[in-house]
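Engineer: My questions all concern the structure below.
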Amino acid sequence: MDRTCKPPGANPTWVCEVPLDGTLAVRTSPPGRSAFPSGDDRREGETIMKPRVFVSRMIPQEGLDIVLAACDAEVNADDRHLSQAELIDKVKGKEGLLCLLTDDINDAILGASPQLKVVANVAVGYDNIDVQAATRGKIIVTNTPGVLDDTTADFTWCLLVASARRLVEADRYLRAGKYTGWGIMLLCGEDIFGKTIGICGLGRIGRGVAKRARGFEMRILYTDAVRAPTEVERELGAQFVDKETLFREADFVTLHIPLLPQTHRYVSTKELMLMKKTAHLVNASRGPVVDETALVQALRERRIAGAGLDVYEHEPDMASGLVELDNVTLAPHIASASVDTRMKMAVMAATNLVEALQGRRPPNIVNPDVLS
């Protein structure tokens, strides 16, 4: 089955061939001719061959248009998670790979194509990519930092407020027909205004959360591997404390830390035991920084009041018992899921991909050593 469409502002017609396996092979017509010639293009007579790339999942059209304009692209139009064997097969013969955080890009996949030059991740984090193996293979890795900071900070507050005020629990209660009239103790939650927030990781997102906390006139504590400059602390009204003090004194603990060996299960039984019984834990960073089994036990025993989670230790699976609890707010990894932000992420990743393939330094390179 073929279908054709014209990309915005371009003369060639894209010919999209959709085979039975669900992948989308996209090329220009006439085939192989590039509207964006570069030093890396391969010439055959007068024809400029465009770099071949694989896009592992569907991305917003604005980003896809950039890829299609500069590359011969094969796209996973099924928009489903591909197995390692499928990724290896699709990467073969490709010079570029545009992937998502859900793709585990390991040494086997990186080595599937000797021509591979760049892996562009549509995410801020890149723990899904074996960066060391990529660097050994002289493969550029890029990410999409900065663009989702405010959106994620907003969603952190969405989880915090929902957990504190038992919003999801109240929604289920009402829909189940249990509401028979107002009661003074009905679904009472925790106040936010004037309370203490503890921010683990005062990077760009953590600072965004702190700025929003000022509107609630909260006491702001933070902990980090590296203390923020004095002027940043002063601007945010944030006080640096050690990890134990933060967990002991905060009414709301929010996590904004990368997934590293030293942050794996950053929150476990020890930290949960330090928290107040009225406290809430919010995680919109990486799932494995929280020991979910320990969290389930703490929530079940009401050792903490509640939690708001957007990410999970073994995503998309969750720890046994988590979904049955009424004092946890669960979201399916959507902290950056605004239309504007996802579009900007796609455009940034596509730009990184094309810049690298055209022999230029991409704006958001993770392993700059590969260029030397």
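Starting from 1 in every chain, residues are counted up; chains themselves are A, B, ... following the order of the structure tokens, and ligands are numbered from 1 as listed.
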Give me every alpha helix (DSSP H) residue in stretch 251-337 of chain A, going by DSSP on the backbone, as a list in words.

Structural biologist: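 The residues of stretch 251-337 of chain A classed as alpha helix (DSSP H) are Thr269, Lys270, Glu271, Leu272, Met273, Leu274, Glu292, Thr293, Ala294, Leu295, Val296, Gln297, Ala298, Leu299 and Arg300 of chain A.
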
Engineer: For the residues in that selection, give me N, CA and C atoms as a JSON list (two decimals), in the first residue's frame.

Structural biologist:
[["chain", "number", "residue", "atom", "x", "y", "z"],
["A", 269, "THR", "N", 13.71, 1.60, 52.45],
["A", 269, "THR", "CA", 13.11, 1.50, 53.77],
["A", 269, "THR", "C", 13.68, 2.52, 54.74],
["A", 270, "LYS", "N", 14.98, 2.72, 54.72],
["A", 270, "LYS", "CA", 15.63, 3.66, 55.64],
["A", 270, "LYS", "C", 15.04, 5.06, 55.50],
["A", 271, "GLU", "N", 14.95, 5.54, 54.28],
["A", 271, "GLU", "CA", 14.45, 6.90, 54.04],
["A", 271, "GLU", "C", 12.96, 7.00, 54.37],
["A", 272, "LEU", "N", 12.20, 5.98, 54.02],
["A", 272, "LEU", "CA", 10.76, 6.00, 54.28],
["A", 272, "LEU", "C", 10.47, 5.98, 55.78],
["A", 273, "MET", "N", 11.31, 5.31, 56.55],
["A", 273, "MET", "CA", 11.15, 5.27, 58.00],
["A", 273, "MET", "C", 11.44, 6.63, 58.63],
["A", 274, "LEU", "N", 12.25, 7.45, 57.96],
["A", 274, "LEU", "CA", 12.57, 8.78, 58.47],
["A", 274, "LEU", "C", 11.43, 9.76, 58.26],
["A", 292, "GLU", "N", 10.39, 0.22, 45.04],
["A", 292, "GLU", "CA", 8.92, 0.16, 45.03],
["A", 292, "GLU", "C", 8.35, -0.81, 46.05],
["A", 293, "THR", "N", 9.03, -1.91, 46.28],
["A", 293, "THR", "CA", 8.54, -2.88, 47.25],
["A", 293, "THR", "C", 8.50, -2.26, 48.64],
["A", 294, "ALA", "N", 9.55, -1.51, 48.98],
["A", 294, "ALA", "CA", 9.59, -0.82, 50.27],
["A", 294, "ALA", "C", 8.51, 0.25, 50.34],
["A", 295, "LEU", "N", 8.27, 0.93, 49.22],
["A", 295, "LEU", "CA", 7.25, 1.98, 49.19],
["A", 295, "LEU", "C", 5.85, 1.38, 49.39],
["A", 296, "VAL", "N", 5.58, 0.26, 48.73],
["A", 296, "VAL", "CA", 4.28, -0.40, 48.90],
["A", 296, "VAL", "C", 4.04, -0.74, 50.37],
["A", 297, "GLN", "N", 5.06, -1.25, 51.02],
["A", 297, "GLN", "CA", 4.92, -1.62, 52.43],
["A", 297, "GLN", "C", 4.65, -0.39, 53.28],
["A", 298, "ALA", "N", 5.38, 0.70, 53.02],
["A", 298, "ALA", "CA", 5.21, 1.93, 53.80],
["A", 298, "ALA", "C", 3.82, 2.53, 53.60],
["A", 299, "LEU", "N", 3.32, 2.48, 52.38],
["A", 299, "LEU", "CA", 1.98, 3.00, 52.09],
["A", 299, "LEU", "C", 0.90, 2.11, 52.70],
["A", 300, "ARG", "N", 1.10, 0.82, 52.60],
["A", 300, "ARG", "CA", 0.11, -0.13, 53.12],
["A", 300, "ARG", "C", 0.00, -0.01, 54.64]]

Engineer: Report as JSON lines: every residue of stretch 246-356 of chain A with an atom at most 8 Å from stretch 81-101 of chain A, its closest pair of atoms, and their distance in Å to one decimal, counting only C-alpha atoms, with rows sorted by chain and ascending residue number.

Structural biologist:
{"residue": "A:Ala349", "atom": "CA", "partner": "A:Leu98", "partner_atom": "CA", "distance": 7.4}
{"residue": "A:Ala350", "atom": "CA", "partner": "A:Leu98", "partner_atom": "CA", "distance": 7.4}
{"residue": "A:Leu353", "atom": "CA", "partner": "A:Gly96", "partner_atom": "CA", "distance": 6.9}

Engineer: Store the residues picked out above, limited to C-alpha atoms, as an mmCIF file, in the first residue's frame.

Structural biologist:
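To be explicit, this is the file written out as result_18.cif:
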data_model
loop_
_atom_site.group_PDB
_atom_site.id
_atom_site.type_symbol
_atom_site.label_atom_id
_atom_site.label_comp_id
_atom_site.auth_asym_id
_atom_site.auth_seq_id
_atom_site.Cartn_x
_atom_site.Cartn_y
_atom_site.Cartn_z
ATOM 1 C CA ALA A 349 16.195 15.250 18.606
ATOM 2 C CA ALA A 350 15.676 15.444 14.837
ATOM 3 C CA LEU A 353 20.372 13.701 14.260
#

Engineer: Write out as a count of residues only each polymer residue whose atoms come within 12 Å of A:Arg360, counting only C-alpha atoms; drop sequence neighbours fewer than 4 positions from it.

Structural biologist: 15

Engineer: Please determine, counting only C-alpha atoms, which residue among A:Glu301, A:Glu233, A:Glu62, A:Asp224 has the shortest atom-to-atom distance to A:Ile257.

Structural biologist: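 Selected residue with least distance to A:Ile257: A:Asp224.
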
Engineer: Distance atom CA of A:Gly359-atom CA of A:Met58, one decimal place?

Structural biologist: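 Between these atoms lies a distance of 25.2 Å.
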
Engineer: Which residue, A:Val366, A:Met343, A:Ala319, A:Ala210, has the smallest gap to A:Gly63 when you use only C-alpha atoms?

Structural biologist: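 The closest residue to A:Gly63 is A:Met343.
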
Engineer: With distances taken over only C-alpha atoms, which of A:Val124, A:Ile139, A:Ile48, A:Ala162 is nearest to A:Leu357?

Structural biologist: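 Ranked by minimum distance to A:Leu357, first place goes to A:Ile139.
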
Engineer: For stretch 170-267 of chain A against stretch 302-312 of chain A, with a cut-off of 12 Å and counting only C-alpha atoms, what is the closest atom pair and its distance in Å to one decimal for every residue that makes the cut, ordered by chain and number, as a tab-separated table?

Structural biologist:
residue	atom	partner	partner_atom	distance
A:Cys188	CA	A:Ala305	CA	11.5
A:Gly189	CA	A:Ala305	CA	8.9
A:Glu190	CA	A:Ala305	CA	8.8
A:Phe247	CA	A:Ile304	CA	11.2
A:Arg248	CA	A:Ile304	CA	11.5
A:Ala250	CA	A:Ile304	CA	11.6
A:Asp251	CA	A:Ala305	CA	9.7
A:Phe252	CA	A:Ala307	CA	9.2
A:Val253	CA	A:Ala307	CA	9.3
A:Thr254	CA	A:Gly308	CA	9.3
A:Leu255	CA	A:Leu309	CA	10.1
A:His256	CA	A:Val311	CA	11.7
A:Leu259	CA	A:Val311	CA	11.9
A:Arg265	CA	A:Tyr312	CA	11.3

Engineer: Which residues, written as a list in words, have at least one atom at most 9 Å from A:Thr144, with only C-alpha atoms counted and residues fewer than 4 positions away on the same chain left out?

Structural biologist: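 The contact residues come out as Ala120, Asn121, Val122, Ala123, Val124, Gly125, Leu148, Lys344, Met345, Ala346, Met348, Ala349, Asn352 and Asn364 of chain A.
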
Engineer: Using C-alpha atoms, can you export the residues from the last selection as a tab-separated table (two decimals), in the first residue's frame?

Structural biologist:
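The result, stored in result.tsv:
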chain	number	residue	atom	x	y	z
A	120	ALA	CA	19.54	10.73	18.89
A	121	ASN	CA	17.47	10.11	22.02
A	122	VAL	CA	14.10	11.87	22.35
A	123	ALA	CA	14.58	12.35	26.09
A	124	VAL	CA	16.63	14.25	28.62
A	125	GLY	CA	17.89	11.08	30.27
A	148	LEU	CA	10.83	19.80	29.29
A	344	LYS	CA	9.91	20.60	20.93
A	345	MET	CA	11.58	17.37	22.07
A	346	ALA	CA	11.00	15.78	18.67
A	348	MET	CA	15.43	18.96	19.04
A	349	ALA	CA	16.19	15.25	18.61
A	352	ASN	CA	20.63	16.67	16.63
A	364	ASN	CA	23.09	18.48	22.53

Engineer: Neighbours of A:Gly198 within 12 Å (only C-alpha atoms; same-chain residues fewer than 4 positions away dropped), as a short mmCIF file (atom, residue, chain, number, x, y, z; two decimals) with N, CA and C atoms, in the first residue's frame?

Structural biologist:
data_model
loop_
_atom_site.label_atom_id
_atom_site.label_comp_id
_atom_site.auth_asym_id
_atom_site.auth_seq_id
_atom_site.Cartn_x
_atom_site.Cartn_y
_atom_site.Cartn_z
N LEU A 160 1.88 16.22 43.41
CA LEU A 160 1.96 16.62 44.82
C LEU A 160 0.58 17.04 45.34
N LEU A 202 18.68 19.69 42.95
CA LEU A 202 18.29 21.07 42.61
C LEU A 202 18.87 21.45 41.25
N GLY A 206 14.35 20.66 39.49
CA GLY A 206 14.25 20.90 40.93
C GLY A 206 14.09 22.38 41.25
N ARG A 207 14.81 23.21 40.51
CA ARG A 207 14.68 24.66 40.73
C ARG A 207 13.31 25.15 40.30
N VAL A 209 10.57 23.41 40.50
CA VAL A 209 9.67 23.02 41.58
C VAL A 209 9.79 23.99 42.76
N ALA A 210 11.01 24.40 43.07
CA ALA A 210 11.24 25.34 44.17
C ALA A 210 10.58 26.69 43.89
N ALA A 213 7.06 26.41 44.61
CA ALA A 213 6.82 26.26 46.05
C ALA A 213 6.78 27.62 46.75
N MET A 218 6.15 28.06 51.08
CA MET A 218 6.67 26.88 51.76
C MET A 218 8.09 27.11 52.24
N ARG A 219 8.45 26.40 53.25
CA ARG A 219 9.86 26.29 53.64
C ARG A 219 10.49 25.31 52.67
N ILE A 220 11.60 25.71 52.03
CA ILE A 220 12.19 24.89 50.97
C ILE A 220 13.54 24.33 51.42
N LEU A 221 13.60 23.02 51.55
CA LEU A 221 14.85 22.32 51.84
C LEU A 221 15.29 21.60 50.57
N TYR A 222 16.58 21.45 50.40
CA TYR A 222 17.06 20.65 49.27
C TYR A 222 18.33 19.93 49.65
N THR A 223 18.58 18.84 48.95
CA THR A 223 19.85 18.14 49.07
C THR A 223 20.32 17.78 47.68
N ASP A 224 21.61 17.71 47.51
CA ASP A 224 22.19 17.43 46.19
C ASP A 224 23.62 16.98 46.39
N ALA A 238 16.00 28.65 49.29
CA ALA A 238 16.20 27.23 49.56
C ALA A 238 17.36 27.01 50.52
N GLN A 239 17.18 26.05 51.43
CA GLN A 239 18.19 25.74 52.43
C GLN A 239 18.79 24.37 52.16
N PHE A 240 20.11 24.31 52.07
CA PHE A 240 20.80 23.04 51.82
C PHE A 240 20.89 22.24 53.11
N VAL A 241 20.48 20.96 53.06
CA VAL A 241 20.56 20.07 54.22
C VAL A 241 21.04 18.71 53.74
N ASP A 242 21.44 17.87 54.69
CA ASP A 242 21.80 16.51 54.30
C ASP A 242 20.54 15.70 54.03
N LYS A 243 20.72 14.56 53.43
CA LYS A 243 19.59 13.73 52.99
C LYS A 243 18.70 13.32 54.16
N GLU A 244 19.30 12.92 55.26
CA GLU A 244 18.52 12.44 56.40
C GLU A 244 17.66 13.56 56.98
N THR A 245 18.22 14.75 57.08
CA THR A 245 17.47 15.89 57.61
C THR A 245 16.28 16.20 56.72
N LEU A 246 16.50 16.15 55.40
CA LEU A 246 15.42 16.44 54.46
C LEU A 246 14.27 15.46 54.62
N PHE A 247 14.57 14.18 54.67
CA PHE A 247 13.51 13.18 54.77
C PHE A 247 12.80 13.26 56.14
N ARG A 248 13.51 13.67 57.13
CA ARG A 248 12.93 13.74 58.48
C ARG A 248 12.02 14.96 58.63
N GLU A 249 12.36 16.08 58.00
CA GLU A 249 11.65 17.33 58.25
C GLU A 249 10.64 17.71 57.18
N ALA A 250 10.73 17.16 55.98
CA ALA A 250 9.85 17.59 54.89
C ALA A 250 8.46 16.98 55.01
N ASP A 251 7.48 17.79 54.65
CA ASP A 251 6.11 17.30 54.52
C ASP A 251 5.87 16.69 53.14
N PHE A 252 6.65 17.16 52.18
CA PHE A 252 6.57 16.65 50.81
C PHE A 252 8.00 16.47 50.29
N VAL A 253 8.33 15.26 49.86
CA VAL A 253 9.65 14.98 49.29
C VAL A 253 9.48 14.74 47.80
N THR A 254 10.20 15.53 46.99
CA THR A 254 10.13 15.35 45.54
C THR A 254 11.52 14.97 45.01
N LEU A 255 11.53 14.06 44.04
CA LEU A 255 12.78 13.51 43.52
C LEU A 255 13.06 14.04 42.11
N HIS A 256 14.25 14.58 41.92
CA HIS A 256 14.66 15.13 40.62
C HIS A 256 16.13 14.80 40.39
N MET A 275 10.58 9.51 57.27
CA MET A 275 9.55 10.47 56.90
C MET A 275 8.43 10.54 57.94
N ALA A 279 3.57 12.70 55.70
CA ALA A 279 4.35 13.16 54.54
C ALA A 279 3.98 12.40 53.26
N HIS A 280 4.33 13.03 52.12
CA HIS A 280 4.07 12.46 50.80
C HIS A 280 5.37 12.43 50.00
N LEU A 281 5.52 11.38 49.20
CA LEU A 281 6.68 11.22 48.31
C LEU A 281 6.22 11.37 46.87
N VAL A 282 6.95 12.17 46.08
CA VAL A 282 6.62 12.38 44.67
C VAL A 282 7.84 12.04 43.82
#

Engineer: Extract the full set of strand (DSSP E) residues from stretch 21-257 of chain A according to DSSP on the backbone, and format it as a PyMOL selection string.

Structural biologist: chain A and resi 24-29+42-44+47-49+52-55+72-75+96-99+118-121+140-142+196-200+219-223+238-240+252-255

Engineer: I'd like the neighbourhood of A:Tyr266 as number ranges by chain, where a residue qualifies if any of its atoms comes within 7 Å (using only C-alpha atoms), though same-chain residues fewer than 2 positions away should be ignored.

Structural biologist: A: 263-264, 268, 289-290

Engineer: Which of these residues is nearest to A:Asp326, using only C-alpha atoms: A:Glu169, A:Asp104, A:Asp191, A:Asp291?

Structural biologist: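 When distances to A:Asp326 are compared using only C-alpha atoms, the smallest one comes from A:Glu169.
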
Engineer: For A:Gln115, which residue among A:Val67, A:Val323, A:Val53, A:Ala133 is the nearest when counting only C-alpha atoms?

Structural biologist: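 With only C-alpha atoms as the atom set, the closest residue is A:Val53.
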